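Listing of data-v3.pdb; format and content: PDB, C-alpha atoms.
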ATOM      1  CA  MET A  25      -5.187  -5.327  17.232
ATOM      2  CA  SER A  26      -4.931  -5.493  13.446
ATOM      3  CA  ASP A  27      -5.206  -2.463  11.153
ATOM      4  CA  ARG A  28      -8.299  -4.031   9.629
ATOM      5  CA  LYS A  29     -10.081  -4.160  12.982
ATOM      6  CA  GLN A  30      -9.101  -0.569  13.691
ATOM      7  CA  GLU A  31     -10.628   0.498  10.382
ATOM      8  CA  ARG A  32     -13.850  -1.389  11.143
ATOM      9  CA  ARG A  33     -14.373   0.649  14.315
ATOM     10  CA  GLY A  34     -15.008   3.698  12.151
ATOM     11  CA  LEU A  35     -13.474   7.127  12.215
ATOM     12  CA  GLY A  36     -14.054   9.541  15.045
ATOM     13  CA  ARG A  37     -15.066  12.380  12.732
ATOM     14  CA  GLY A  38     -17.661  10.261  10.963
ATOM     15  CA  LEU A  39     -18.633   9.902   7.327
ATOM     16  CA  SER A  40     -20.501  13.231   7.215
ATOM     17  CA  ALA A  41     -17.416  15.120   8.373
ATOM     18  CA  LEU A  42     -15.305  13.490   5.685
ATOM     19  CA  MET A  43     -17.981  14.313   3.112
ATOM     20  CA  ALA A  44     -17.342  17.986   3.902
ATOM     21  CA  ASP A  45     -13.757  17.565   2.671
ATOM     22  CA  VAL A  46     -15.023  16.376  -0.698
ATOM     23  CA  GLU A  47     -17.989  18.735  -0.900
ATOM     24  CA  VAL A  48     -15.748  21.729  -0.214
ATOM     25  CA  GLU A  49     -15.249  21.624  -3.988
ATOM     26  CA  ALA A  50     -18.923  22.414  -4.588
ATOM     27  CA  PRO A  51     -19.443  25.602  -6.599
ATOM     28  CA  GLN A  52     -20.090  28.830  -4.749
ATOM     29  CA  GLN A  53     -22.371  31.558  -6.103
ATOM     30  CA  GLY A  54     -21.222  32.596  -9.554
ATOM     31  CA  GLY A  55     -19.767  29.147 -10.241
ATOM     32  CA  GLU A  56     -16.422  29.755  -8.501
ATOM     33  CA  ARG A  57     -14.654  27.326  -6.143
ATOM     34  CA  ARG A  58     -12.544  28.598  -3.304
ATOM     35  CA  ALA A  59      -8.951  27.325  -3.158
ATOM     36  CA  GLU A  60      -6.698  27.883  -0.177
ATOM     37  CA  ALA A  61      -3.358  27.725  -1.989
ATOM     38  CA  SER A  62      -1.664  27.516  -5.365
ATOM     39  CA  ILE A  63       0.894  24.713  -5.272
ATOM     40  CA  ALA A  64       3.624  23.791  -7.765
ATOM     41  CA  ILE A  65       2.609  20.666  -9.630
ATOM     42  CA  ASP A  66       6.005  18.984  -9.127
ATOM     43  CA  ARG A  67       5.501  19.114  -5.333
ATOM     44  CA  ILE A  68       2.365  16.972  -5.628
ATOM     45  CA  HIS A  69       2.410  13.157  -5.627
ATOM     46  CA  PRO A  70      -0.414  10.667  -6.291
ATOM     47  CA  ASN A  71      -1.804   8.469  -3.540
ATOM     48  CA  PRO A  72      -0.407   4.929  -4.096
ATOM     49  CA  ASN A  73      -3.557   3.472  -2.487
ATOM     50  CA  GLN A  74      -5.964   5.374  -4.732
ATOM     51  CA  PRO A  75      -8.852   2.942  -5.424
ATOM     52  CA  ARG A  76      -9.259   4.294  -8.958
ATOM     53  CA  GLN A  77      -6.407   2.931 -11.062
ATOM     54  CA  SER A  78      -7.862   3.368 -14.556
ATOM     55  CA  PHE A  79      -7.712   6.737 -16.323
ATOM     56  CA  VAL A  80      -9.100   6.883 -19.863
ATOM     57  CA  ALA A  81      -6.607   8.617 -22.150
ATOM     58  CA  GLU A  82      -9.242  10.278 -24.342
ATOM     59  CA  SER A  83     -11.064  11.667 -21.307
ATOM     60  CA  LEU A  84      -7.791  13.017 -19.860
ATOM     61  CA  GLU A  85      -6.995  14.718 -23.172
ATOM     62  CA  GLU A  86     -10.399  16.429 -23.184
ATOM     63  CA  LEU A  87      -9.885  17.632 -19.609
ATOM     64  CA  ALA A  88      -6.359  18.826 -20.424
ATOM     65  CA  ALA A  89      -7.728  20.874 -23.330
ATOM     66  CA  SER A  90     -10.331  22.418 -21.008
ATOM     67  CA  ILE A  91      -7.698  23.215 -18.376
ATOM     68  CA  ALA A  92      -5.458  24.834 -20.978
ATOM     69  CA  THR A  93      -8.352  27.120 -21.967
ATOM     70  CA  LYS A  94     -10.223  27.748 -18.720
ATOM     71  CA  GLY A  95      -7.849  26.620 -15.987
ATOM     72  CA  ILE A  96      -8.688  24.224 -13.143
ATOM     73  CA  ILE A  97     -12.133  25.101 -11.792
ATOM     74  CA  GLN A  98     -12.229  22.581  -8.931
ATOM     75  CA  PRO A  99      -9.251  22.682  -6.535
ATOM     76  CA  LEU A 100      -7.462  19.480  -5.597
ATOM     77  CA  ILE A 101      -7.671  18.205  -2.022
ATOM     78  CA  LEU A 102      -4.192  17.454  -0.662
ATOM     79  CA  ARG A 103      -2.461  16.533   2.568
ATOM     80  CA  VAL A 104       1.140  17.047   3.616
ATOM     81  CA  HIS A 105       3.088  14.079   2.264
ATOM     82  CA  PRO A 106       3.713  11.542   5.059
ATOM     83  CA  THR A 107       7.330  10.798   4.033
ATOM     84  CA  LYS A 108       8.537  13.452   1.559
ATOM     85  CA  PRO A 109       9.494  16.852   3.047
ATOM     86  CA  ASP A 110       8.027  19.942   1.394
ATOM     87  CA  ALA A 111       5.674  17.790  -0.697
ATOM     88  CA  PHE A 112       1.977  16.963  -0.822
ATOM     89  CA  GLU A 113      -0.081  13.837  -1.522
ATOM     90  CA  ILE A 114      -3.355  13.827  -3.455
ATOM     91  CA  VAL A 115      -6.474  13.005  -1.467
ATOM     92  CA  ALA A 116      -8.961  13.859  -4.232
ATOM     93  CA  GLY A 117      -8.377  15.135  -7.772
ATOM     94  CA  GLU A 118      -5.704  12.881  -9.294
ATOM     95  CA  ARG A 119      -7.437  13.030 -12.689
ATOM     96  CA  ARG A 120      -7.186  16.840 -12.658
ATOM     97  CA  TRP A 121      -3.532  16.613 -11.623
ATOM     98  CA  ARG A 122      -2.725  14.275 -14.511
ATOM     99  CA  ALA A 123      -4.598  16.448 -17.017
ATOM    100  CA  ALA A 124      -2.863  19.597 -15.690
ATOM    101  CA  GLN A 125       0.519  18.027 -16.446
ATOM    102  CA  MET A 126      -0.638  17.239 -19.982
ATOM    103  CA  ALA A 127      -1.712  20.880 -20.333
ATOM    104  CA  GLN A 128       1.749  21.952 -19.065
ATOM    105  CA  VAL A 129       0.274  23.829 -16.109
ATOM    106  CA  HIS A 130       2.910  24.629 -13.480
ATOM    107  CA  GLU A 131       0.690  25.340 -10.448
ATOM    108  CA  VAL A 132      -2.708  24.056  -9.376
ATOM    109  CA  PRO A 133      -5.305  25.408  -6.922
ATOM    110  CA  ALA A 134      -5.525  23.245  -3.823
ATOM    111  CA  ILE A 135      -7.092  22.781  -0.406
ATOM    112  CA  VAL A 136      -4.833  21.139   2.190
ATOM    113  CA  ARG A 137      -6.425  18.936   4.833
ATOM    114  CA  SER A 138      -4.969  17.052   7.798
ATOM    115  CA  LEU A 139      -5.987  13.420   7.187
ATOM    116  CA  ASP A 140      -4.484  10.099   8.230
ATOM    117  CA  ASP A 141      -3.994   7.139   5.866
ATOM    118  CA  THR A 142      -7.381   5.608   6.654
ATOM    119  CA  GLU A 143      -9.219   8.884   6.111
ATOM    120  CA  VAL A 144      -7.393   9.475   2.814
ATOM    121  CA  LEU A 145      -8.609   6.130   1.483
ATOM    122  CA  GLU A 146     -12.143   6.806   2.680
ATOM    123  CA  VAL A 147     -12.311  10.243   1.032
ATOM    124  CA  ALA A 148     -10.898   8.769  -2.203
ATOM    125  CA  ILE A 149     -13.670   6.154  -2.245
ATOM    126  CA  ILE A 150     -16.311   8.812  -1.556
ATOM    127  CA  GLU A 151     -15.014  10.990  -4.385
ATOM    128  CA  ASN A 152     -15.144   8.061  -6.787
ATOM    129  CA  ILE A 153     -18.750   7.332  -5.805
ATOM    130  CA  GLN A 154     -19.665  10.947  -6.549
ATOM    131  CA  ARG A 155     -18.381  10.818 -10.125
ATOM    132  CA  SER A 156     -21.146  11.444 -12.652
ATOM    133  CA  ASP A 157     -19.755   8.898 -15.135
ATOM    134  CA  LEU A 158     -19.520   6.070 -12.612
ATOM    135  CA  ASN A 159     -21.124   2.809 -13.715
ATOM    136  CA  ALA A 160     -23.400   0.901 -11.351
ATOM    137  CA  VAL A 161     -20.868  -1.869 -10.635
ATOM    138  CA  ASP A 162     -18.151   0.583  -9.586
ATOM    139  CA  GLU A 163     -20.710   2.483  -7.508
ATOM    140  CA  ALA A 164     -21.709  -0.737  -5.745
ATOM    141  CA  SER A 165     -18.055  -1.621  -5.151
ATOM    142  CA  GLY A 166     -17.519   1.785  -3.551
ATOM    143  CA  TYR A 167     -20.442   1.237  -1.178
ATOM    144  CA  ARG A 168     -19.136  -2.246  -0.328
ATOM    145  CA  GLN A 169     -15.678  -0.845   0.471
ATOM    146  CA  LEU A 170     -17.169   1.780   2.789
ATOM    147  CA  MET A 171     -19.134  -0.941   4.592
ATOM    148  CA  ASP A 172     -16.376  -3.570   4.778
ATOM    149  CA  ARG A 173     -13.379  -1.352   5.497
ATOM    150  CA  PHE A 174     -14.971   1.336   7.668
ATOM    151  CA  GLY A 175     -18.085  -0.268   9.128
ATOM    152  CA  HIS A 176     -20.544   2.241   7.668
ATOM    153  CA  THR A 177     -24.167   1.121   7.517
ATOM    154  CA  GLN A 178     -26.482   1.629   4.562
ATOM    155  CA  GLU A 179     -28.374   4.243   6.583
ATOM    156  CA  GLN A 180     -25.189   6.229   7.330
ATOM    157  CA  MET A 181     -24.139   6.196   3.682
ATOM    158  CA  ALA A 182     -27.609   7.193   2.496
ATOM    159  CA  GLU A 183     -27.681  10.196   4.830
ATOM    160  CA  ALA A 184     -24.143  11.368   4.108
ATOM    161  CA  LEU A 185     -24.238  10.819   0.342
ATOM    162  CA  GLY A 186     -27.736  12.217  -0.171
ATOM    163  CA  LYS A 187     -29.135   8.984  -1.590
ATOM    164  CA  SER A 188     -32.044   6.801  -0.486
ATOM    165  CA  ARG A 189     -31.348   3.638   1.487
ATOM    166  CA  SER A 190     -33.267   1.634  -1.135
ATOM    167  CA  HIS A 191     -30.957   2.978  -3.873
ATOM    168  CA  ILE A 192     -27.878   1.867  -1.951
ATOM    169  CA  ALA A 193     -29.412  -1.527  -1.102
ATOM    170  CA  ASN A 194     -30.484  -2.162  -4.702
ATOM    171  CA  THR A 195     -27.099  -1.086  -6.020
ATOM    172  CA  LEU A 196     -25.268  -3.394  -3.598
ATOM    173  CA  ARG A 197     -27.408  -6.305  -4.804
ATOM    174  CA  LEU A 198     -25.703  -6.038  -8.196
ATOM    175  CA  LEU A 199     -22.513  -7.427  -6.626
ATOM    176  CA  SER A 200     -24.271 -10.794  -6.189
ATOM    177  CA  LEU A 201     -24.406 -11.195  -9.980
ATOM    178  CA  PRO A 202     -21.789 -13.366 -11.751
ATOM    179  CA  PRO A 203     -18.668 -11.515 -12.977
ATOM    180  CA  GLY A 204     -19.750 -11.873 -16.609
ATOM    181  CA  VAL A 205     -23.050 -10.086 -16.001
ATOM    182  CA  GLN A 206     -21.283  -7.393 -13.972
ATOM    183  CA  ALA A 207     -18.946  -6.878 -16.947
ATOM    184  CA  TYR A 208     -21.923  -6.405 -19.302
ATOM    185  CA  LEU A 209     -23.287  -3.818 -16.885
ATOM    186  CA  ALA A 210     -19.954  -1.986 -16.553
ATOM    187  CA  GLU A 211     -19.614  -1.912 -20.359
ATOM    188  CA  GLY A 212     -23.089  -0.422 -20.774
ATOM    189  CA  LYS A 213     -24.532  -3.481 -22.524
ATOM    190  CA  LEU A 214     -27.047  -3.861 -19.683
ATOM    191  CA  THR A 215     -28.703  -1.194 -17.539
ATOM    192  CA  ALA A 216     -28.971  -1.472 -13.758
ATOM    193  CA  GLY A 217     -32.676  -2.267 -14.228
ATOM    194  CA  HIS A 218     -31.854  -5.195 -16.513
ATOM    195  CA  ALA A 219     -29.212  -6.456 -14.103
ATOM    196  CA  ARG A 220     -31.490  -6.288 -11.034
ATOM    197  CA  ALA A 221     -34.067  -8.385 -12.880
ATOM    198  CA  LEU A 222     -31.446 -11.141 -13.307
ATOM    199  CA  ILE A 223     -30.248 -11.329  -9.685
ATOM    200  CA  THR A 224     -32.565 -14.148  -8.595
ATOM    201  CA  ALA A 225     -32.539 -15.990 -11.943
ATOM    202  CA  ASP A 226     -31.172 -19.541 -12.104
ATOM    203  CA  ASP A 227     -28.890 -18.727 -15.067
ATOM    204  CA  PRO A 228     -28.125 -14.987 -15.040
ATOM    205  CA  ASP A 229     -25.223 -15.363 -17.509
ATOM    206  CA  GLY A 230     -27.311 -17.129 -20.124
ATOM    207  CA  LEU A 231     -30.265 -14.798 -19.676
ATOM    208  CA  ALA A 232     -28.005 -11.727 -19.902
ATOM    209  CA  ARG A 233     -26.735 -12.901 -23.283
ATOM    210  CA  GLN A 234     -30.330 -13.353 -24.444
ATOM    211  CA  VAL A 235     -31.277  -9.870 -23.244
ATOM    212  CA  ILE A 236     -28.386  -8.308 -25.147
ATOM    213  CA  ALA A 237     -28.906 -10.360 -28.315
ATOM    214  CA  ARG A 238     -32.666  -9.690 -28.398
ATOM    215  CA  ASN A 239     -32.399  -6.088 -27.164
ATOM    216  CA  LEU A 240     -35.052  -6.742 -24.518
ATOM    217  CA  SER A 241     -36.586  -4.038 -22.352
ATOM    218  CA  VAL A 242     -36.378  -4.164 -18.546
ATOM    219  CA  ARG A 243     -39.980  -5.380 -18.340
ATOM    220  CA  GLU A 244     -39.292  -8.120 -20.896
ATOM    221  CA  THR A 245     -36.168  -9.064 -18.962
ATOM    222  CA  GLU A 246     -38.174  -9.362 -15.738
ATOM    223  CA  ALA A 247     -40.629 -11.689 -17.471
ATOM    224  CA  LEU A 248     -37.774 -13.758 -18.932
ATOM    225  CA  ALA A 249     -36.083 -14.069 -15.517
ATOM    226  CA  LYS A 250     -39.302 -15.260 -13.867
ATOM    227  CA  GLY A 251     -39.636 -18.045 -16.449
ATOM    228  CA  PRO A 252     -42.811 -20.069 -16.972
ATOM    229  CA  LYS A 253     -45.381 -20.051 -14.207
ATOM    230  CA  PRO A 254     -45.073 -22.973 -11.737
ATOM    231  CA  SER A 255     -46.961 -25.964 -13.020
ATOM    232  CA  THR A 256     -47.225 -27.887  -9.763
ATOM    233  CA  ARG A 257     -49.439 -26.994  -6.856
ATOM    234  CA  ARG A 258     -46.526 -27.229  -4.460
ATOM    235  CA  ARG A 259     -44.474 -24.568  -6.278
ATOM    236  CA  ALA A 260     -47.490 -22.303  -6.658
ATOM    237  CA  THR A 261     -48.269 -22.573  -2.948
ATOM    238  CA  ALA A 262     -44.658 -21.894  -1.940
ATOM    239  CA  SER A 263     -44.565 -18.805  -4.153
ATOM    240  CA  SER A 264     -47.814 -17.424  -2.751
ATOM    241  CA  GLU A 265     -46.756 -18.011   0.858
ATOM    242  CA  LYS A 266     -43.585 -15.903   0.532
ATOM    243  CA  ASP A 267     -44.879 -12.523   1.646
ATOM    244  CA  ALA A 268     -43.464  -9.071   0.930
ATOM    245  CA  ASP A 269     -41.608  -8.913   4.267
ATOM    246  CA  THR A 270     -39.797 -12.165   3.544
ATOM    247  CA  ARG A 271     -38.830 -11.030   0.060
ATOM    248  CA  ALA A 272     -37.598  -7.697   1.473
ATOM    249  CA  LEU A 273     -35.546  -9.593   4.071
ATOM    250  CA  GLU A 274     -33.984 -11.699   1.302
ATOM    251  CA  GLN A 275     -33.054  -8.560  -0.612
ATOM    252  CA  ASP A 276     -31.525  -6.844   2.444
ATOM    253  CA  LEU A 277     -29.475  -9.926   3.362
ATOM    254  CA  ALA A 278     -28.328 -10.341  -0.247
ATOM    255  CA  ALA A 279     -27.307  -6.670  -0.387
ATOM    256  CA  ASN A 280     -25.304  -6.871   2.839
ATOM    257  CA  LEU A 281     -23.633 -10.208   2.071
ATOM    258  CA  GLY A 282     -23.169  -9.666  -1.657
ATOM    259  CA  MET A 283     -24.542 -13.169  -2.274
ATOM    260  CA  LYS A 284     -27.873 -14.707  -3.226
ATOM    261  CA  VAL A 285     -30.023 -15.428  -0.144
ATOM    262  CA  VAL A 286     -33.234 -17.474   0.035
ATOM    263  CA  VAL A 287     -35.388 -17.463   3.180
ATOM    264  CA  ASP A 288     -37.800 -20.392   3.568
ATOM    265  CA  HIS A 289     -40.082 -19.628   6.501
ATOM    266  CA  ALA A 290     -42.867 -21.957   7.645
ATOM    267  CA  ALA A 291     -45.469 -19.564   9.002
ATOM    268  CA  ASP A 292     -47.533 -22.331  10.610
ATOM    269  CA  ARG A 293     -44.581 -23.707  12.615
ATOM    270  CA  GLY A 294     -42.523 -20.546  13.021
ATOM    271  CA  ASP A 295     -39.297 -22.197  11.872
ATOM    272  CA  GLY A 296     -37.443 -22.333   8.571
ATOM    273  CA  LYS A 297     -34.051 -22.074   6.945
ATOM    274  CA  ILE A 298     -31.801 -19.542   5.174
ATOM    275  CA  THR A 299     -29.853 -20.618   2.095
ATOM    276  CA  ILE A 300     -26.791 -18.549   1.098
ATOM    277  CA  SER A 301     -25.268 -19.271  -2.311
ATOM    278  CA  TYR A 302     -21.597 -18.478  -2.973
ATOM    279  CA  LYS A 303     -19.850 -18.600  -6.350
ATOM    280  CA  SER A 304     -16.197 -18.969  -5.335
ATOM    281  CA  LEU A 305     -13.923 -19.985  -2.482
ATOM    282  CA  GLU A 306     -13.172 -16.290  -1.944
ATOM    283  CA  GLU A 307     -16.885 -15.586  -1.386
ATOM    284  CA  LEU A 308     -17.058 -18.553   1.015
ATOM    285  CA  ASP A 309     -14.060 -17.198   2.907
ATOM    286  CA  ASN A 310     -15.670 -13.740   3.120
ATOM    287  CA  LEU A 311     -18.910 -15.298   4.363
ATOM    288  CA  CYS A 312     -17.105 -17.276   7.062
ATOM    289  CA  ARG A 313     -15.263 -14.141   8.155
ATOM    290  CA  MET A 314     -18.522 -12.183   8.413
ATOM    291  CA  LEU A 315     -20.269 -14.960  10.350
ATOM    292  CA  THR A 316     -17.391 -15.212  12.820
ATOM    293  CA  GLY A 317     -17.148 -11.457  13.291
ATOM    294  CA  GLY A 318     -13.878 -11.172  11.394
ATOM    295  CA  ALA A 319     -11.986 -12.989  14.165
ATOM    296  CA  GLU A 320      -8.285 -13.465  13.568
ATOM    297  CA  ASN A 321      -5.776 -15.678  15.236
TER     298      ASN A 321
END
Spell out the structure here as structure tokens.
Amino acid sequence: MSDRKQERRGLGRGLSALMADVEVEAPQQGGERRAEASIAIDRIHPNPNQPRQSFVAESLEELAASIATKGIIQPLILRVHPTKPDAFEIVAGERRWRAAQMAQVHEVPAIVRSLDDTEVLEVAIIENIQRSDLNAVDEASGYRQLMDRFGHTQEQMAEALGKSRSHIANTLRLLSLPPGVQAYLAEGKLTAGHARALITADDPDGLARQVIARNLSVRETEALAKGPKPSTRRRATASSEKDADTRALEQDLAANLGMKVVVDHAADRGDGKITISYKSLEELDNLCRMLTGGAEN
């Protein structure tokens, strides 16, 4: 059985148990965090599979200045290094580790946990999702990784992460937008509200550029994405016949697949069709893998 299939079966301890490893950094009364050890910084190594590869220099410098003045408030989460004797690998807190080196700190507070490679990756993704400065695209990518790699459902993530299922579903829908629109969102040129209004538009890229150039509000963006009202009776009838349940089903399918989904249901006959739109061969390959249950030769 492949490693990928093993990951999809989920971890025995569950997402909530892994959340405890991240949330152990939560402040106690009086604002203090409880560390289990103080470990020399040169015995600590980064996780080569850390999903976050970008560290903003200016932000690291600000954190280093804070550490030099106040010390490290939140302990790092580590595990015993799988290959290096008398060393540790970072599970969560690489940014603090990097900033501590800049501040010329020789030891850091830490909590050591026994985690395997799969659990380390999962905790790293969870920690990234919990960052306060995370943009909506990165947040959505984190949810998608938890679903694709570990088989977590939207309901499980909502419960463990303390978020509503609708928030997770709506955030995942952003991944169905073209890369250009996702870039505008990640750069802060569009809000998540603007981006959601463009998901079902025929030309999200073009409309996104209009929204930015004209500095439109979310409500104005929604009106722009809807376009002119249907002029033919057939289009008006089709629009009115698509009820709230059907639209909700489209949104759920789009969120789970990461692609635009249209459900055409003939209520009088009870039949219909589902149209899934993909934007690249990679998306088509992912769709085929999902439809075939991820079967491998």
Could you pull the residues within 12 Å of Gln128 in chain A, counting all atoms listed in the file, minus those fewer than 3 positions along the same chain, as a PDB file with C-alpha atoms, keeping the file's coordinate frame?
ATOM      1  CA  ALA A  64       3.624  23.791  -7.765  1.00  0.00           C
ATOM      2  CA  ILE A  65       2.609  20.666  -9.630  1.00  0.00           C
ATOM      3  CA  ASP A  66       6.005  18.984  -9.127  1.00  0.00           C
ATOM      4  CA  ALA A  88      -6.359  18.826 -20.424  1.00  0.00           C
ATOM      5  CA  ALA A  89      -7.728  20.874 -23.330  1.00  0.00           C
ATOM      6  CA  ILE A  91      -7.698  23.215 -18.376  1.00  0.00           C
ATOM      7  CA  ALA A  92      -5.458  24.834 -20.978  1.00  0.00           C
ATOM      8  CA  THR A  93      -8.352  27.120 -21.967  1.00  0.00           C
ATOM      9  CA  GLY A  95      -7.849  26.620 -15.987  1.00  0.00           C
ATOM     10  CA  TRP A 121      -3.532  16.613 -11.623  1.00  0.00           C
ATOM     11  CA  ARG A 122      -2.725  14.275 -14.511  1.00  0.00           C
ATOM     12  CA  ALA A 123      -4.598  16.448 -17.017  1.00  0.00           C
ATOM     13  CA  ALA A 124      -2.863  19.597 -15.690  1.00  0.00           C
ATOM     14  CA  GLN A 125       0.519  18.027 -16.446  1.00  0.00           C
ATOM     15  CA  GLU A 131       0.690  25.340 -10.448  1.00  0.00           C
ATOM     16  CA  VAL A 132      -2.708  24.056  -9.376  1.00  0.00           C
TER      17      VAL A 132
END
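Here the question is which of A:Arg233, A:His105, A:Lys250, A:His69 gets nearest to Gly204 in chain A using all atoms listed in the file, and that residue is A:Arg233.
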So which residues touch range 216-224 of chain A within 7 Å, counting only C-alpha atoms, skipping near sequence neighbours fewer than 4 positions away, as a PyMOL selection string?
chain A and resi 160+198+200-201+209+228+242+245-246+249
Could you write out that same residue set with C-alpha atoms as a PDB file, in the frame of the given file?
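Written out: result-v5.pdb:
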ATOM      1  CA  ALA A 160     -23.400   0.901 -11.351  1.00  0.00           C
ATOM      2  CA  LEU A 198     -25.703  -6.038  -8.196  1.00  0.00           C
ATOM      3  CA  SER A 200     -24.271 -10.794  -6.189  1.00  0.00           C
ATOM      4  CA  LEU A 201     -24.406 -11.195  -9.980  1.00  0.00           C
ATOM      5  CA  LEU A 209     -23.287  -3.818 -16.885  1.00  0.00           C
ATOM      6  CA  PRO A 228     -28.125 -14.987 -15.040  1.00  0.00           C
ATOM      7  CA  VAL A 242     -36.378  -4.164 -18.546  1.00  0.00           C
ATOM      8  CA  THR A 245     -36.168  -9.064 -18.962  1.00  0.00           C
ATOM      9  CA  GLU A 246     -38.174  -9.362 -15.738  1.00  0.00           C
ATOM     10  CA  ALA A 249     -36.083 -14.069 -15.517  1.00  0.00           C
TER      11      ALA A 249
END
Name the residues that the PyMOL selection byres ((chain A and resi 150) around 9) pulls out of this structure, and write them as a list in words.
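Going through the file, the PyMOL selection byres ((chain A and resi 150) around 9) ends up selecting Leu42, Met43, Val46, Leu145, Glu146, Val147, Ala148, Ile149, Glu151, Asn152, Ile153, Gln154, Gly166, Tyr167, Leu170 and Leu185 of chain A.
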Specify as an MDAnalysis selection string each residue included when the PyMOL selection byres ((chain A and resi 159) around 10) is applied to this file.
chainID A and resid 153 155:158 160:164 209:212 215:216
Residues from the last selection, C-alpha atoms, saved as a compact mmCIF listing (two decimals), in the frame of the given file:
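Produced file out23.txt, reproduced below:
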# COMPACT_ATOMS: atom_id res chain seq x y z
CA ILE A 153 -18.75 7.33 -5.80
CA ARG A 155 -18.38 10.82 -10.12
CA SER A 156 -21.15 11.44 -12.65
CA ASP A 157 -19.76 8.90 -15.14
CA LEU A 158 -19.52 6.07 -12.61
CA ALA A 160 -23.40 0.90 -11.35
CA VAL A 161 -20.87 -1.87 -10.64
CA ASP A 162 -18.15 0.58 -9.59
CA GLU A 163 -20.71 2.48 -7.51
CA ALA A 164 -21.71 -0.74 -5.74
CA LEU A 209 -23.29 -3.82 -16.89
CA ALA A 210 -19.95 -1.99 -16.55
CA GLU A 211 -19.61 -1.91 -20.36
CA GLY A 212 -23.09 -0.42 -20.77
CA THR A 215 -28.70 -1.19 -17.54
CA ALA A 216 -28.97 -1.47 -13.76
I would like the residues chosen by the PyMOL selection byres ((chain A and resi 70) around 12) on the shown file; could you give them as a ChimeraX atom specification?
/A:65-69,71-77,100-105,111-122,144,148
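Counting from CA of Glu183 in chain A, the distance to CA of Lys284 in chain A is 26.2 Å.
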So which one's closest to Gln275 in chain A, A:Asp288, A:Glu85, A:Asn194, A:Asp227? Using all atoms listed in the file, please.
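Of all the options, A:Asn194 lies closest to Gln275 in chain A.
For the choices A:Arg197, A:Arg238, A:Arg293, A:Lys303, the atom-to-atom distance to Arg168 in chain A is smallest for A:Arg197 when using all atoms listed in the file.
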Gap from CA of Leu311 in chain A to CA of Ala184 in chain A - Å, one decimal:
27.2 Å
Skipping near chain neighbours, those fewer than 6 positions away, what residues fall within 12 Å of range 271-273 of chain A using only C-alpha atoms, listed as a PyMOL selection string?
chain A and resi 190+193-194+224+263-265+279-280+284-289+298
